[in-house]
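Engineer: Encoded as structure tokens, here's the structure I'll be asking about.
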Amino acid sequence: MKTHIITYGCQMNEYDTHLVKSELASLGAEFVDTWQEADFVLVNTCAVRGKPVEKVRSLLGELRKEKDKRDLMVGMMGCLAQLEEGQQIARKFGVDILLGPGALTEIGKALEAKSRFWELSFREELAHHLPPAPQGQLSAFVSIIRGCNHHCTYCIVPTTRGPEVSRHPDLILREIEQLKAAGVVEVTLLGQNVNSYGNDQPGFPKFAELLRMVGQIGIPRIKFTTSHPVNFTDEVIRAMAETPQVCEYIHLPVQSGSNRVLRRMGREYRREWYLDRIRAIREAMPEVVLSTDIIVGFPGETEEDFQETLSLYDQVGYDSAYMFIYSPRPGTPSYKHFQDLPREVKVERLQRLIEKQKQWSYKQNQRWVGRTLEVLVRGAAKDDSYAEGHSRGNHPVLVLASQAPRPGLYQVVVKQATPHMLLGEVVGAEEPATIPLMMA
Ligand code: SAH
Ligand code: SF4
Ligand code: F3S
């Protein structure tokens with residue numbers, strides 16, 4: 001069967017796509033580059049904000065029209081498939097197969113049964129699943145924990161992905177060893193809240209311990225995402241600082257700088273706690289690169305509240321940030337209980353925040369000019385006279401393609417910085433790329 005998978009949403013979804021792809025491959029599926037060539041199109045969906053839902057809706061609309069013309073099977077997986085909202089969309093557009101985020105290993109059965117609706121929720125066995133290493137990649141994701149036990153009032157993820165289930169550490173370590181053998185030099189440990197790792201399973205190591213164990217494997221770069229500030233303990237900070245493979249990069253979503261808003265968001269910490277975590281992090285790792293997620297225009301957010309977010313931004317001085325306009329999600333507490341702010345107010349605040357972020361990114365990126373960074377070059381940039389990659393601190397970095405002819409790790413002297421990237425010169429390949437040239 002000619003198969004094409006389209007993925008929306010976060011890194012968790014990218015990982016799940018890889019997992020399902022390997023299941024399908026073992027069933028004999030052949031993968032094609034576009035849905036136009038495919039007999040089976042599988043859409044991996046996201047429901048975190050209105051926008052990704054709209055994208056799925058319009059794609060499924062197009063696929064519906066295609067189905068009228070020829071024999072085509074359409075499947076929906078991922079977060080939206082778990083929600084009533086998604087199931088309605090699936091019915092409307094004649095989707096043949098539906099697979100919740102916990103039911104991925106059931107893809108074979110779903111295809112065999114050609115059931116119109118295959119609704120399954122979270123399966124423990126997913127935690128025991130070991131997907132094969134992707135070939136020809138330098139960077140890879142490894143899921144360590146699924147689901148989320150927090151209850152942020154704006155967020156649909158606990159509904160779509162259920163409570164936390166940690167994977168067995170032996171499986172995680174085996175998967176990373178396989179990745180190392182396949183030539184991967186950077187792994188990102190994934191979970192909605194990686195710092196909760198092990199809390200749900202007595203006898204499992206905690207996240208700090210797991211970091212040290214992963215460090216032992218000897219992959220040169222270890223990253224992880226996402227962290228919740230409440231669980232970002234001193235032990236985690238110590239494990240990071242003492243494990244050289246762990247990159248000096250932390251994504252620590254703050255969401256708002258106002259205690260009033262944080263309380264209404266159900267974030268379980270105050271601004272002062274968050275700033276104390278940043279202090280402890282910087283004390284242990286002075287060169288750390290920090291990024292965050294911020295929601296602007298949460299219901300009831302006043303201009304004063306927003307000013308608190310701007311001032312927190314100045315206190316931390318983030319290297320980068322993902323900034324979102326609050327998007328009301330049916331099924332979340334804030335949707336039910338709070339009134340959405342006018343769109344103009346939200347958009348105007350977002351613009352001011354973006355402006356602030358640009359200034360800080362520029363300032364923070366300048367601090368690398370003249371210094372040498374290790375860059376993981378992936379391949380040609382859009383302008384193919386350049387190759388693109390990223391640093392241990394996750395900065396996008398460009399170098400002349402002639403200086404980095406193959407993907408791999410390079411030492412790069414930074415020559416220039418913009419708010420969005422660094423431009424550098426290769427001082428000598430640290431190690432020859434042992435992987436095939438093709439990048440997945
Ligand atoms: N587990 C992670 C990521 C969750 S989703 C965490 O807790 O940080 C990624 C980001 O999407 C969130 O950090 C939040 O900033 C944003 N987000 C989630 N729900 C949203 C909503 N309803 N509207 C706007 N942004 C939202
Ligand atoms: Fe959503 Fe909050 Fe859980 Fe993150 S911690 S996934 S924002 S409920
Ligand atoms: Fe979206 Fe689900 Fe990720 S809602 S952001 S794909 S966890």
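As shown in the structure tokens, the chain order sets the letters A, B, ...; within each chain, residues go from 1, and ligands are also counted from 1 in the order they appear.
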Where does segment 231-264 of chain A meet segment 320-333 of chain A within 9 Å, residue by residue, with the nearest atom pair and distance in Å to one decimal for each, counting only C-alpha atoms, listed by chain and rising number, as JSON lines?

Structural biologist:
```
{"residue": "A:His251", "atom": "CA", "partner": "A:Ala321", "partner_atom": "CA", "distance": 8.8}
{"residue": "A:Pro253", "atom": "CA", "partner": "A:Ala321", "partner_atom": "CA", "distance": 8.7}
{"residue": "A:Gln255", "atom": "CA", "partner": "A:Met323", "partner_atom": "CA", "distance": 8.7}
```

Engineer: Using only C-alpha atoms and all ligand atoms, which residues have at least one atom no more than 10 Å from ligand 3? Output them as number ranges by chain.

Structural biologist: A: 7-14, 16, 44-49, 52-53, 77-82, 101, 146-148, 155-161, 191-192

Engineer: Pick from A:Val165, A:Cys152, A:Ala90, A:Val142: nearest to ligand 1, with only C-alpha atoms and all ligand atoms counted?

Structural biologist: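 Nearest candidate to ligand 1 out of A:Val165, A:Cys152, A:Ala90, A:Val142: A:Cys152.
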
Engineer: My list of candidates is A:Ser227, A:Gln411, A:Thr243, A:Thr372. Which is closest to ligand 1 when distances are computed with only C-alpha atoms and all ligand atoms?

Structural biologist: A:Ser227

Engineer: Write out as a list in words all residues of segment 132-240 of chain A that DSSP puts in strand (DSSP E or B) for this structure's backbone.

Structural biologist: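 After running DSSP on the backbone, segment 132-240 of chain A has strand (DSSP E or B) at Ser139, Ala140, Phe141, Val142, Ser143, Ile145, Arg146, Val165, Ser166, Glu186, Val187, Thr188, Leu189, Leu190, Arg221, Ile222, Lys223, Phe224 and Thr225 of chain A.
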
Engineer: As JSON, numbers by chain, please: all residues of segment 93-188 of chain A that backbone DSSP puts in helix (DSSP H, G or I).

Structural biologist: {"A": [104, 105, 106, 107, 108, 109, 110, 111, 112, 113, 124, 125, 126, 127, 128, 157, 158, 159, 160, 161, 169, 170, 171, 172, 173, 174, 175, 176, 177, 178, 179, 180, 181]}

Engineer: Go ahead and write the residues just picked, N, CA, C and O atoms, as a short mmCIF file (atom, residue, chain, number, x, y, z; two decimals), in the first residue's frame.

Structural biologist:
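out.cif was written with the following content:
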```cif
data_model
loop_
_atom_site.label_atom_id
_atom_site.label_comp_id
_atom_site.auth_asym_id
_atom_site.auth_seq_id
_atom_site.Cartn_x
_atom_site.Cartn_y
_atom_site.Cartn_z
N LEU A 104 -1.37 3.83 19.19
CA LEU A 104 -0.60 3.80 17.94
C LEU A 104 -0.19 2.40 17.51
O LEU A 104 -0.14 2.10 16.32
N THR A 105 0.11 1.56 18.50
CA THR A 105 0.59 0.23 18.14
C THR A 105 -0.55 -0.62 17.55
O THR A 105 -0.31 -1.74 17.10
N GLU A 106 -1.77 -0.09 17.54
CA GLU A 106 -2.92 -0.83 17.01
C GLU A 106 -3.15 -0.54 15.53
O GLU A 106 -4.16 -0.95 14.98
N ILE A 107 -2.24 0.18 14.91
CA ILE A 107 -2.47 0.61 13.53
C ILE A 107 -2.74 -0.59 12.59
O ILE A 107 -3.61 -0.51 11.73
N GLY A 108 -2.01 -1.68 12.80
CA GLY A 108 -2.19 -2.85 11.95
C GLY A 108 -3.60 -3.39 12.04
O GLY A 108 -4.27 -3.63 11.02
N LYS A 109 -4.08 -3.55 13.28
CA LYS A 109 -5.44 -4.07 13.48
C LYS A 109 -6.47 -3.13 12.88
O LYS A 109 -7.46 -3.57 12.31
N ALA A 110 -6.24 -1.84 13.05
CA ALA A 110 -7.20 -0.86 12.54
C ALA A 110 -7.30 -0.96 11.02
O ALA A 110 -8.39 -0.91 10.45
N LEU A 111 -6.16 -1.14 10.38
CA LEU A 111 -6.16 -1.25 8.92
C LEU A 111 -6.86 -2.52 8.47
O LEU A 111 -7.63 -2.52 7.51
N GLU A 112 -6.57 -3.59 9.17
CA GLU A 112 -7.13 -4.89 8.81
C GLU A 112 -8.65 -4.85 8.92
O GLU A 112 -9.38 -5.27 8.02
N ALA A 113 -9.14 -4.28 10.01
CA ALA A 113 -10.58 -4.25 10.25
C ALA A 113 -11.26 -3.20 9.38
O ALA A 113 -12.48 -3.19 9.27
N GLU A 124 -1.05 0.96 27.97
CA GLU A 124 0.21 0.79 28.69
C GLU A 124 1.29 0.23 27.77
O GLU A 124 2.45 0.58 27.88
N GLU A 125 0.85 -0.65 26.85
CA GLU A 125 1.87 -1.34 26.05
C GLU A 125 2.70 -0.37 25.20
O GLU A 125 3.80 -0.70 24.81
N LEU A 126 2.14 0.81 24.97
CA LEU A 126 2.90 1.79 24.22
C LEU A 126 4.19 2.13 24.96
O LEU A 126 5.23 2.38 24.36
N ALA A 127 4.09 2.11 26.29
CA ALA A 127 5.26 2.40 27.10
C ALA A 127 6.32 1.30 26.97
O ALA A 127 7.47 1.48 27.30
N HIS A 128 5.90 0.13 26.48
CA HIS A 128 6.83 -0.99 26.35
C HIS A 128 7.30 -1.20 24.91
O HIS A 128 7.87 -2.21 24.57
N VAL A 157 -4.15 19.19 26.42
CA VAL A 157 -3.26 18.02 26.35
C VAL A 157 -3.57 16.92 27.38
O VAL A 157 -3.60 15.74 27.02
N PRO A 158 -3.87 17.26 28.65
CA PRO A 158 -4.20 16.17 29.58
C PRO A 158 -5.40 15.34 29.12
O PRO A 158 -5.47 14.15 29.40
N THR A 159 -6.33 15.98 28.40
CA THR A 159 -7.48 15.26 27.87
C THR A 159 -7.10 14.38 26.69
O THR A 159 -7.60 13.27 26.54
N THR A 160 -6.19 14.86 25.85
CA THR A 160 -5.86 14.07 24.66
C THR A 160 -4.83 12.98 24.96
O THR A 160 -4.82 11.96 24.31
N ARG A 161 -3.98 13.24 25.92
CA ARG A 161 -2.88 12.29 26.15
C ARG A 161 -2.95 11.59 27.51
O ARG A 161 -2.08 10.77 27.81
N PRO A 169 13.04 2.46 32.12
CA PRO A 169 14.37 3.01 31.81
C PRO A 169 15.20 2.09 30.92
O PRO A 169 15.97 2.58 30.08
N ASP A 170 15.05 0.77 31.07
CA ASP A 170 15.83 -0.15 30.23
C ASP A 170 15.53 0.06 28.75
O ASP A 170 16.42 0.02 27.90
N LEU A 171 14.23 0.30 28.46
CA LEU A 171 13.83 0.52 27.07
C LEU A 171 14.41 1.82 26.54
O LEU A 171 14.89 1.89 25.41
N ILE A 172 14.34 2.85 27.38
CA ILE A 172 14.86 4.16 26.97
C ILE A 172 16.36 4.03 26.67
O ILE A 172 16.84 4.49 25.63
N LEU A 173 17.09 3.37 27.57
CA LEU A 173 18.53 3.26 27.39
C LEU A 173 18.85 2.41 26.17
O LEU A 173 19.75 2.73 25.39
N ARG A 174 18.05 1.34 25.96
CA ARG A 174 18.29 0.50 24.78
C ARG A 174 18.04 1.29 23.50
O ARG A 174 18.80 1.19 22.54
N GLU A 175 16.97 2.05 23.51
CA GLU A 175 16.66 2.84 22.32
C GLU A 175 17.80 3.82 22.01
O GLU A 175 18.20 3.99 20.86
N ILE A 176 18.34 4.44 23.06
CA ILE A 176 19.41 5.42 22.84
C ILE A 176 20.70 4.72 22.39
O ILE A 176 21.42 5.24 21.53
N GLU A 177 20.95 3.53 22.92
CA GLU A 177 22.12 2.78 22.44
C GLU A 177 21.99 2.43 20.95
O GLU A 177 22.95 2.54 20.20
N GLN A 178 20.78 2.06 20.57
CA GLN A 178 20.56 1.77 19.14
C GLN A 178 20.77 3.01 18.29
O GLN A 178 21.31 2.95 17.19
N LEU A 179 20.33 4.14 18.82
CA LEU A 179 20.50 5.39 18.06
C LEU A 179 21.97 5.71 17.91
O LEU A 179 22.44 6.12 16.85
N LYS A 180 22.71 5.50 18.99
CA LYS A 180 24.15 5.77 18.95
C LYS A 180 24.79 4.89 17.87
O LYS A 180 25.58 5.37 17.05
N ALA A 181 24.42 3.61 17.87
CA ALA A 181 24.98 2.68 16.88
C ALA A 181 24.60 3.10 15.46
O ALA A 181 25.35 2.85 14.52
#
```

Engineer: If you count only C-alpha atoms, which residues fall within 8 Å of segment 260-273 of chain A, apart from same-chain ones fewer than 2 positions away, as number ranges by chain?

Structural biologist: A: 151-154, 229-230, 255-258, 275-277, 298, 300-301, 305, 334

Engineer: Could the residues in this selection be saved with N, CA, C and O atoms as a PDB file, in the first residue's frame?

Structural biologist:
```pdb
ATOM      1  N   HIS A 151      -2.863  20.409  35.426  1.00  0.00           N
ATOM      2  CA  HIS A 151      -4.218  20.779  35.007  1.00  0.00           C
ATOM      3  C   HIS A 151      -4.246  22.250  34.640  1.00  0.00           C
ATOM      4  O   HIS A 151      -5.057  22.991  35.180  1.00  0.00           O
ATOM      5  N   CYS A 152      -3.362  22.672  33.767  1.00  0.00           N
ATOM      6  CA  CYS A 152      -3.395  24.072  33.349  1.00  0.00           C
ATOM      7  C   CYS A 152      -4.762  24.314  32.713  1.00  0.00           C
ATOM      8  O   CYS A 152      -5.205  23.520  31.877  1.00  0.00           O
ATOM      9  N   THR A 153      -5.410  25.398  33.121  1.00  0.00           N
ATOM     10  CA  THR A 153      -6.831  25.546  32.781  1.00  0.00           C
ATOM     11  C   THR A 153      -7.088  25.784  31.297  1.00  0.00           C
ATOM     12  O   THR A 153      -8.196  25.619  30.826  1.00  0.00           O
ATOM     13  N   TYR A 154      -6.048  26.197  30.558  1.00  0.00           N
ATOM     14  CA  TYR A 154      -6.220  26.499  29.133  1.00  0.00           C
ATOM     15  C   TYR A 154      -5.928  25.292  28.241  1.00  0.00           C
ATOM     16  O   TYR A 154      -6.123  25.335  27.044  1.00  0.00           O
ATOM     17  N   PRO A 229       8.176  24.178  35.474  1.00  0.00           N
ATOM     18  CA  PRO A 229       8.970  24.851  36.514  1.00  0.00           C
ATOM     19  C   PRO A 229       8.797  24.231  37.901  1.00  0.00           C
ATOM     20  O   PRO A 229       9.755  24.211  38.691  1.00  0.00           O
ATOM     21  N   VAL A 230       7.593  23.729  38.209  1.00  0.00           N
ATOM     22  CA  VAL A 230       7.345  23.162  39.528  1.00  0.00           C
ATOM     23  C   VAL A 230       8.254  21.964  39.802  1.00  0.00           C
ATOM     24  O   VAL A 230       8.690  21.747  40.927  1.00  0.00           O
ATOM     25  N   GLN A 255       4.642  30.950  30.750  1.00  0.00           N
ATOM     26  CA  GLN A 255       3.245  31.249  30.362  1.00  0.00           C
ATOM     27  C   GLN A 255       2.818  32.665  30.706  1.00  0.00           C
ATOM     28  O   GLN A 255       2.178  33.324  29.886  1.00  0.00           O
ATOM     29  N   SER A 256       3.159  33.165  31.900  1.00  0.00           N
ATOM     30  CA  SER A 256       2.814  34.550  32.250  1.00  0.00           C
ATOM     31  C   SER A 256       3.720  35.011  33.374  1.00  0.00           C
ATOM     32  O   SER A 256       4.200  34.200  34.162  1.00  0.00           O
ATOM     33  N   GLY A 257       3.907  36.333  33.471  1.00  0.00           N
ATOM     34  CA  GLY A 257       4.709  36.882  34.563  1.00  0.00           C
ATOM     35  C   GLY A 257       3.858  37.394  35.710  1.00  0.00           C
ATOM     36  O   GLY A 257       4.378  37.909  36.691  1.00  0.00           O
ATOM     37  N   SER A 258       2.542  37.278  35.577  1.00  0.00           N
ATOM     38  CA  SER A 258       1.643  37.819  36.601  1.00  0.00           C
ATOM     39  C   SER A 258       1.120  36.714  37.507  1.00  0.00           C
ATOM     40  O   SER A 258       0.556  35.725  37.034  1.00  0.00           O
ATOM     41  N   LEU A 275      11.435  32.673  39.090  1.00  0.00           N
ATOM     42  CA  LEU A 275      12.679  33.447  39.035  1.00  0.00           C
ATOM     43  C   LEU A 275      13.764  32.810  39.898  1.00  0.00           C
ATOM     44  O   LEU A 275      14.949  32.853  39.552  1.00  0.00           O
ATOM     45  N   ASP A 276      13.353  32.176  40.983  1.00  0.00           N
ATOM     46  CA  ASP A 276      14.328  31.480  41.821  1.00  0.00           C
ATOM     47  C   ASP A 276      14.933  30.273  41.084  1.00  0.00           C
ATOM     48  O   ASP A 276      16.120  29.982  41.223  1.00  0.00           O
ATOM     49  N   ARG A 277      14.100  29.574  40.303  1.00  0.00           N
ATOM     50  CA  ARG A 277      14.628  28.450  39.506  1.00  0.00           C
ATOM     51  C   ARG A 277      15.659  28.967  38.494  1.00  0.00           C
ATOM     52  O   ARG A 277      16.700  28.371  38.274  1.00  0.00           O
ATOM     53  N   PHE A 298      -4.546  35.775  28.005  1.00  0.00           N
ATOM     54  CA  PHE A 298      -5.353  34.817  28.754  1.00  0.00           C
ATOM     55  C   PHE A 298      -6.570  35.568  29.298  1.00  0.00           C
ATOM     56  O   PHE A 298      -6.468  36.750  29.621  1.00  0.00           O
ATOM     57  N   GLY A 300      -9.116  37.615  31.166  1.00  0.00           N
ATOM     58  CA  GLY A 300      -8.968  38.428  32.367  1.00  0.00           C
ATOM     59  C   GLY A 300      -7.607  39.089  32.493  1.00  0.00           C
ATOM     60  O   GLY A 300      -7.371  39.838  33.437  1.00  0.00           O
ATOM     61  N   GLU A 301      -6.687  38.816  31.560  1.00  0.00           N
ATOM     62  CA  GLU A 301      -5.357  39.449  31.643  1.00  0.00           C
ATOM     63  C   GLU A 301      -5.507  40.958  31.419  1.00  0.00           C
ATOM     64  O   GLU A 301      -6.005  41.382  30.370  1.00  0.00           O
ATOM     65  N   ASP A 305      -1.232  43.105  34.191  1.00  0.00           N
ATOM     66  CA  ASP A 305      -0.735  41.717  34.160  1.00  0.00           C
ATOM     67  C   ASP A 305       0.277  41.549  33.031  1.00  0.00           C
ATOM     68  O   ASP A 305       1.329  40.932  33.196  1.00  0.00           O
ATOM     69  N   SER A 334     -10.791  26.802  31.313  1.00  0.00           N
ATOM     70  CA  SER A 334     -10.838  28.243  31.024  1.00  0.00           C
ATOM     71  C   SER A 334     -11.852  28.549  29.919  1.00  0.00           C
ATOM     72  O   SER A 334     -12.421  29.634  29.866  1.00  0.00           O
TER      73      SER A 334
END
```

Engineer: Determine the nearest neighbour of ligand 2 from the options A:Ser391, A:Leu398, A:Arg367, A:Asn193, counting only C-alpha atoms and all ligand atoms.

Structural biologist: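 Under the stated criterion, the closest residue is A:Asn193.
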
Engineer: Measuring atom to atom with only C-alpha atoms and all ligand atoms, identify which of A:Thr3, A:Thr226, A:Ser58, A:Gln88 is nearest to ligand 2.

Structural biologist: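 For ligand 2, the nearest of the candidates is A:Thr226.
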
Engineer: Counting only C-alpha atoms and all ligand atoms, which residue out of A:Asn259, A:Ser196, A:Asn365, A:Thr188 sits closest to ligand 1?

Structural biologist: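 Nearest to ligand 1: A:Ser196.
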
Engineer: Name all residues at most 9 Å from segment 20-35 of chain A (count only C-alpha atoms; drop same-chain ones fewer than 3 positions away) and give them as number ranges by chain.

Structural biologist: A: 1-6, 15-17, 38-41, 63, 104-105, 107-108, 131-132, 134

Engineer: For ligand 1, which residue out of A:Ile294, A:Ile278, A:Ile97, A:Val397 is the nearest one, using only C-alpha atoms and all ligand atoms?

Structural biologist: A:Ile294

Engineer: Just give me the gap between atom CA of His337 of chain A and atom CA of Glu304 of chain A in Å, one decimal is fine.

Structural biologist: 21.6 Å
